[in-house]
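**Student:** Take a look at this one; I'll ask things after.
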Amino acid sequence: MTKDLTKGSPMRLILSFGIPVLLGYLFQQFYNVVDTAIVGKTLGGAALAAVGSTGSISFLVVGFCTGICGGFAIPVAQQFGAGNEKELRRYVAGGVWLCLIFGALLTAATVLLCDTILTVMNTPADIYQRSHAYIGTIFAGLPAYFLYNFCAGTLRSLGDSRTPVLWLIVSSLVNIVLDTVFILVFHMDVFGAALATVLSQALAGAGCLVRMLRGYPILRTTREDWRWDRRRMGELCLMGLPMGLQYSITAIGSVMLQTAVNGLGTTYVTAVTAANKVSMFICCPFDAMGCTMATYGGQNVGAAKWDRLHQGLRSCVILGAGYAALSLGVLYFFSGPLNMLFLDEASAQLLPLARMYQLTQAFFYFPLALVNIFRFLIQGMGFSPLATMAGIMEMIARTALAFLVPVYGFTVARFASPAAWILADLFLIPAYFYCFRKLTCPAAFTRPCTALYPHKK
């Protein structure tokens with residue numbers, strides 16, 4: 001089930017690899033969608049606001065986990081493209097060690113600081129206890145997120161984008177059953193929704209792990225592969241930490257914005273929560289494009305096929321432009337029914353607010369597509385620290401506008417993310433061409449490329 005992305009039509013390869021990735025992202029969002037829909041429909045608007053008020057901090061922490069695991073998979077993809085199976089296994093083993101370390105530290109820190117985080121975020125008093133119950137459970141379940149994201153990232157680096165989505169489908173169905181049982185039968189409120197999400201994520205991770213161990217002889221490690229190698233661990237951190245920090249830095253701006261929205265009151269928090277849940281689902285194809293380009297870039301850099309980087313980029317940009325136009329049309333005509341998936345009848349008066357928020361962002365979806373395509377391609381090429389700068393740009397834009405929300409209100413909040421995407425693009429597009437020149441000029445090779453492929457100087 002491995003897939004070589006260094007040969008054949010870039011458009012065809014991107015689609016064949018990216019569609020299963022897209023399904024994976026859709027079912028990943030399905031966890032949150034089911035939780036939010038059941039919470040909003042059965043427990044009411046206040047419970048929905050409690051879940052939604054933690055969305056940005058959840059993105060910060062879980063995003064760090066997703067990013068760092070994605071970074072650990074980049075050297076694996078590059079070694080696969082280079083045909084170096086021995087080094088591939090050593091990078092996989094090193095990634096396991098680092099996931100155990102970072103998983104333990106991050107879980108302990110977030111659980112202990114949960115009260116402080118919610119207080120700093122200005123969480124409304126009427127939803128504070130529910131918010132704590134929900135996000136505290138997510139924090140305690142972070143090892144499940146590390147397990148799934150690392151195993152899924154490793155499989156995708158070998159070209160297998162199907163196994164992760166198959167297990168997400170299974171776990172999503174389990175999540176629906178657990179949500180129903182925990183919330184409607186055992187009356188566990190928002191804690192039950194969070195617990196169902198964590199258990200379902202653990203199931204998906206376990207399924208991918210079994211597939212790795214039983215289905216891929218290339219991944220069968222020896223005792224020597226598990227030796228702690230400072231150089232290799234440093235290279236993995238050089239790839240993983242910037243990607244994790246990129247998510248977290250981006251999320252800091254989202255946290256600042258969410259804090260500002262929280263200050264507007266529960267009404268606006270509820271409307272933005274419903275709008276964001278729909279938008280996150282709609283934006284899954286942009287995430288899939290980014291993930292695909294990371295693997296595509298990694299394999300082709302490993303194989304030293306530089307021209308295919310431009311070819312793949314061109315194909316993915318065309319796909320991004322087409323989908324951005326399609327999604328705008330869908331939200332323009334169907335935003336009302338989509339938002340009502342997460343709102344009860346008592347909260348229906350919030351639909352105009354949610355619609356305004358969604359359509360403002362939808363007009364700027366093409367810049368969002370470019371952010372994902374260029375940033376992840378740069379990371380796959382081996383320049384994760386440089387790609388992190390885009391996250392800083394997004395953080396600056398969202399934070400700046402968040403400070404204006406108390407003065408100018410909801411209107412400013414609507415434009416915060418579009419401003420972040422445009423500012424990130426202004427950095428990423430020239431950064432890609434800079435990275436390309438570094439790779440195609442042998443004399444200009446710098447780390448991490450030199451460390452990974454000294455024979456290609």
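Residues in the structure tokens are numbered from 1 in each chain, the chains being A, B, ... in the order shown, and ligands are numbered from 1 in the order shown.
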List the spatial neighbours of A:Asp4 as a list in words - criterion: any atom at most 8 Å away, only C-alpha atoms, same-chain residues fewer than 6 positions off excluded.

**Tutor:**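 So the residues in contact are Gly81, Leu158, Gly159 and Gln299 of chain A.
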
**Student:** Pull C-alpha atoms from the residues just selected and write them as a short mmCIF file (atom, residue, chain, number, x, y, z; two decimals), in the first residue's frame.

**Tutor:**
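What follows is the written file selection.cif:
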data_model
loop_
_atom_site.label_atom_id
_atom_site.label_comp_id
_atom_site.auth_asym_id
_atom_site.auth_seq_id
_atom_site.Cartn_x
_atom_site.Cartn_y
_atom_site.Cartn_z
CA GLY A 81 12.13 8.68 -1.52
CA LEU A 158 5.28 5.73 2.93
CA GLY A 159 2.46 6.76 0.60
CA GLN A 299 9.64 12.16 -1.30
#

**Student:** Give me the residues within 7 Å of A:Phe64 as a VMD selection string, counting only C-alpha atoms and dropping any in the same chain fewer than 2 places off.

**Tutor:** chain A and resid 60 to 62 66 to 68 244 to 245 247 to 248

**Student:** With all heavy atoms retained, could you export that selection as a CSV table (one decimal), in the first residue's frame?

**Tutor:**
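Result file follows (again.csv):
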chain,number,residue,atom,x,y,z
A,60,LEU,N,-4.6,24.9,19.9
A,60,LEU,CA,-3.2,25.2,20.2
A,60,LEU,C,-2.4,23.9,20.7
A,60,LEU,O,-1.3,23.6,20.2
A,60,LEU,CB,-3.1,26.3,21.4
A,60,LEU,CG,-1.8,26.9,21.7
A,60,LEU,CD1,-1.9,28.3,22.3
A,60,LEU,CD2,-1.0,26.0,22.7
A,61,VAL,N,-3.0,23.2,21.6
A,61,VAL,CA,-2.4,22.1,22.2
A,61,VAL,C,-2.4,20.8,21.3
A,61,VAL,O,-1.4,20.2,21.0
A,61,VAL,CB,-3.0,21.7,23.6
A,61,VAL,CG1,-2.4,20.4,24.2
A,61,VAL,CG2,-2.9,22.9,24.5
A,62,VAL,N,-3.6,20.5,20.8
A,62,VAL,CA,-3.7,19.4,19.9
A,62,VAL,C,-2.9,19.7,18.6
A,62,VAL,O,-2.3,18.8,18.0
A,62,VAL,CB,-5.2,19.0,19.6
A,62,VAL,CG1,-5.3,17.9,18.6
A,62,VAL,CG2,-5.9,18.6,20.9
A,66,THR,N,-0.2,17.5,16.6
A,66,THR,CA,-0.3,17.1,15.2
A,66,THR,C,0.9,17.6,14.4
A,66,THR,O,1.5,16.9,13.6
A,66,THR,CB,-1.6,17.8,14.6
A,66,THR,OG1,-2.7,17.3,15.3
A,66,THR,CG2,-1.7,17.4,13.1
A,67,GLY,N,1.4,18.8,14.7
A,67,GLY,CA,2.5,19.4,14.0
A,67,GLY,C,3.8,18.7,14.2
A,67,GLY,O,4.5,18.4,13.3
A,68,ILE,N,4.0,18.4,15.5
A,68,ILE,CA,5.3,17.8,15.8
A,68,ILE,C,5.4,16.3,15.3
A,68,ILE,O,6.4,15.9,14.8
A,68,ILE,CB,5.5,17.8,17.4
A,68,ILE,CG1,7.0,17.5,17.7
A,68,ILE,CG2,4.7,16.8,18.1
A,68,ILE,CD1,7.3,17.8,19.2
A,244,GLY,N,5.4,21.8,15.1
A,244,GLY,CA,4.5,21.9,16.3
A,244,GLY,C,4.3,23.4,16.8
A,244,GLY,O,3.2,23.8,17.1
A,245,LEU,N,5.4,24.1,16.8
A,245,LEU,CA,5.3,25.5,17.3
A,245,LEU,C,4.6,26.3,16.2
A,245,LEU,O,3.9,27.3,16.6
A,245,LEU,CB,6.8,26.0,17.4
A,245,LEU,CG,7.5,25.5,18.6
A,245,LEU,CD1,9.0,26.0,18.6
A,245,LEU,CD2,6.9,25.8,19.9
A,247,TYR,N,1.9,25.4,14.6
A,247,TYR,CA,0.5,25.3,14.9
A,247,TYR,C,0.2,26.1,16.2
A,247,TYR,O,-0.8,26.8,16.3
A,247,TYR,CB,0.2,23.8,15.2
A,247,TYR,CG,-0.1,23.0,13.9
A,247,TYR,CD1,0.9,22.3,13.2
A,247,TYR,CD2,-1.4,22.9,13.5
A,247,TYR,CE1,0.6,21.6,12.1
A,247,TYR,CE2,-1.7,22.1,12.4
A,247,TYR,CZ,-0.7,21.5,11.7
A,247,TYR,OH,-1.0,20.7,10.6
A,248,SER,N,1.1,26.0,17.2
A,248,SER,CA,0.8,26.6,18.4
A,248,SER,C,0.9,28.1,18.3
A,248,SER,O,0.1,28.9,18.9
A,248,SER,CB,1.8,26.1,19.5
A,248,SER,OG,1.6,24.7,19.7

**Student:** Could you pull out all residues of stretch 153-238 of chain A with a DSSP call of helix (DSSP H, G or I) and give them as an MDAnalysis selection string?

**Tutor:** chainID A and resid 153:157 162:185 189:215 217:219 223:226 230:238

**Student:** Give me a file of those residues, with C-alpha atoms, as a short mmCIF file (atom, residue, chain, number, x, y, z; two decimals), in the first residue's frame.

**Tutor:**
data_model
loop_
_atom_site.label_atom_id
_atom_site.label_comp_id
_atom_site.auth_asym_id
_atom_site.auth_seq_id
_atom_site.Cartn_x
_atom_site.Cartn_y
_atom_site.Cartn_z
CA GLY A 153 2.07 10.43 9.70
CA THR A 154 4.46 7.50 9.33
CA LEU A 155 2.03 5.59 7.14
CA ARG A 156 1.42 8.63 4.94
CA SER A 157 5.16 9.18 4.55
CA ARG A 162 -5.78 4.91 3.17
CA THR A 163 -5.12 3.13 6.45
CA PRO A 164 -5.44 6.28 8.63
CA VAL A 165 -8.79 7.17 7.10
CA LEU A 166 -10.15 3.65 7.40
CA TRP A 167 -9.47 3.66 11.11
CA LEU A 168 -10.91 7.14 11.47
CA ILE A 169 -14.12 5.92 9.87
CA VAL A 170 -14.31 3.09 12.38
CA SER A 171 -13.49 5.34 15.31
CA SER A 172 -16.00 7.99 14.16
CA LEU A 173 -18.79 5.43 14.23
CA VAL A 174 -17.66 4.38 17.69
CA ASN A 175 -17.62 8.04 18.69
CA ILE A 176 -21.26 8.47 17.69
CA VAL A 177 -22.28 5.47 19.80
CA LEU A 178 -20.22 6.63 22.80
CA ASP A 179 -21.58 10.18 22.54
CA THR A 180 -25.13 8.88 22.55
CA VAL A 181 -24.50 6.55 25.47
CA PHE A 182 -22.45 8.95 27.61
CA ILE A 183 -24.65 12.02 27.08
CA LEU A 184 -28.17 10.68 26.60
CA VAL A 185 -28.03 7.49 28.68
CA ASP A 189 -22.90 16.21 29.97
CA VAL A 190 -19.93 17.73 28.10
CA PHE A 191 -17.49 15.46 29.94
CA GLY A 192 -19.09 12.53 28.14
CA ALA A 193 -18.56 14.18 24.77
CA ALA A 194 -14.88 14.79 25.50
CA LEU A 195 -14.38 11.25 26.83
CA ALA A 196 -15.98 9.77 23.72
CA THR A 197 -13.61 11.80 21.53
CA VAL A 198 -10.50 10.68 23.41
CA LEU A 199 -11.47 7.00 23.42
CA SER A 200 -12.29 7.08 19.72
CA GLN A 201 -8.96 8.78 18.94
CA ALA A 202 -7.15 6.07 20.91
CA LEU A 203 -8.92 3.40 18.87
CA ALA A 204 -7.83 5.03 15.60
CA GLY A 205 -4.23 5.24 16.83
CA ALA A 206 -4.19 1.62 17.93
CA GLY A 207 -5.51 0.49 14.56
CA CYS A 208 -2.79 2.40 12.68
CA LEU A 209 -0.13 1.02 15.01
CA VAL A 210 -1.21 -2.56 14.37
CA ARG A 211 -1.10 -1.89 10.63
CA MET A 212 2.42 -0.50 10.92
CA LEU A 213 3.66 -3.50 12.88
CA ARG A 214 2.00 -6.21 10.80
CA GLY A 215 1.72 -4.78 7.32
CA PRO A 217 8.27 -5.24 6.66
CA ILE A 218 10.16 -2.02 5.93
CA LEU A 219 9.24 -0.85 9.45
CA ARG A 223 17.58 -3.34 18.72
CA GLU A 224 20.21 -1.21 17.01
CA ASP A 225 17.51 1.00 15.50
CA TRP A 226 16.28 1.93 18.98
CA ARG A 230 21.81 12.58 19.48
CA ARG A 231 22.35 13.65 15.87
CA ARG A 232 19.26 11.87 14.61
CA MET A 233 17.14 13.09 17.52
CA GLY A 234 18.35 16.60 16.85
CA GLU A 235 17.32 16.33 13.20
CA LEU A 236 13.88 15.02 14.18
CA CYS A 237 13.43 17.91 16.62
CA LEU A 238 14.63 20.32 13.94
#
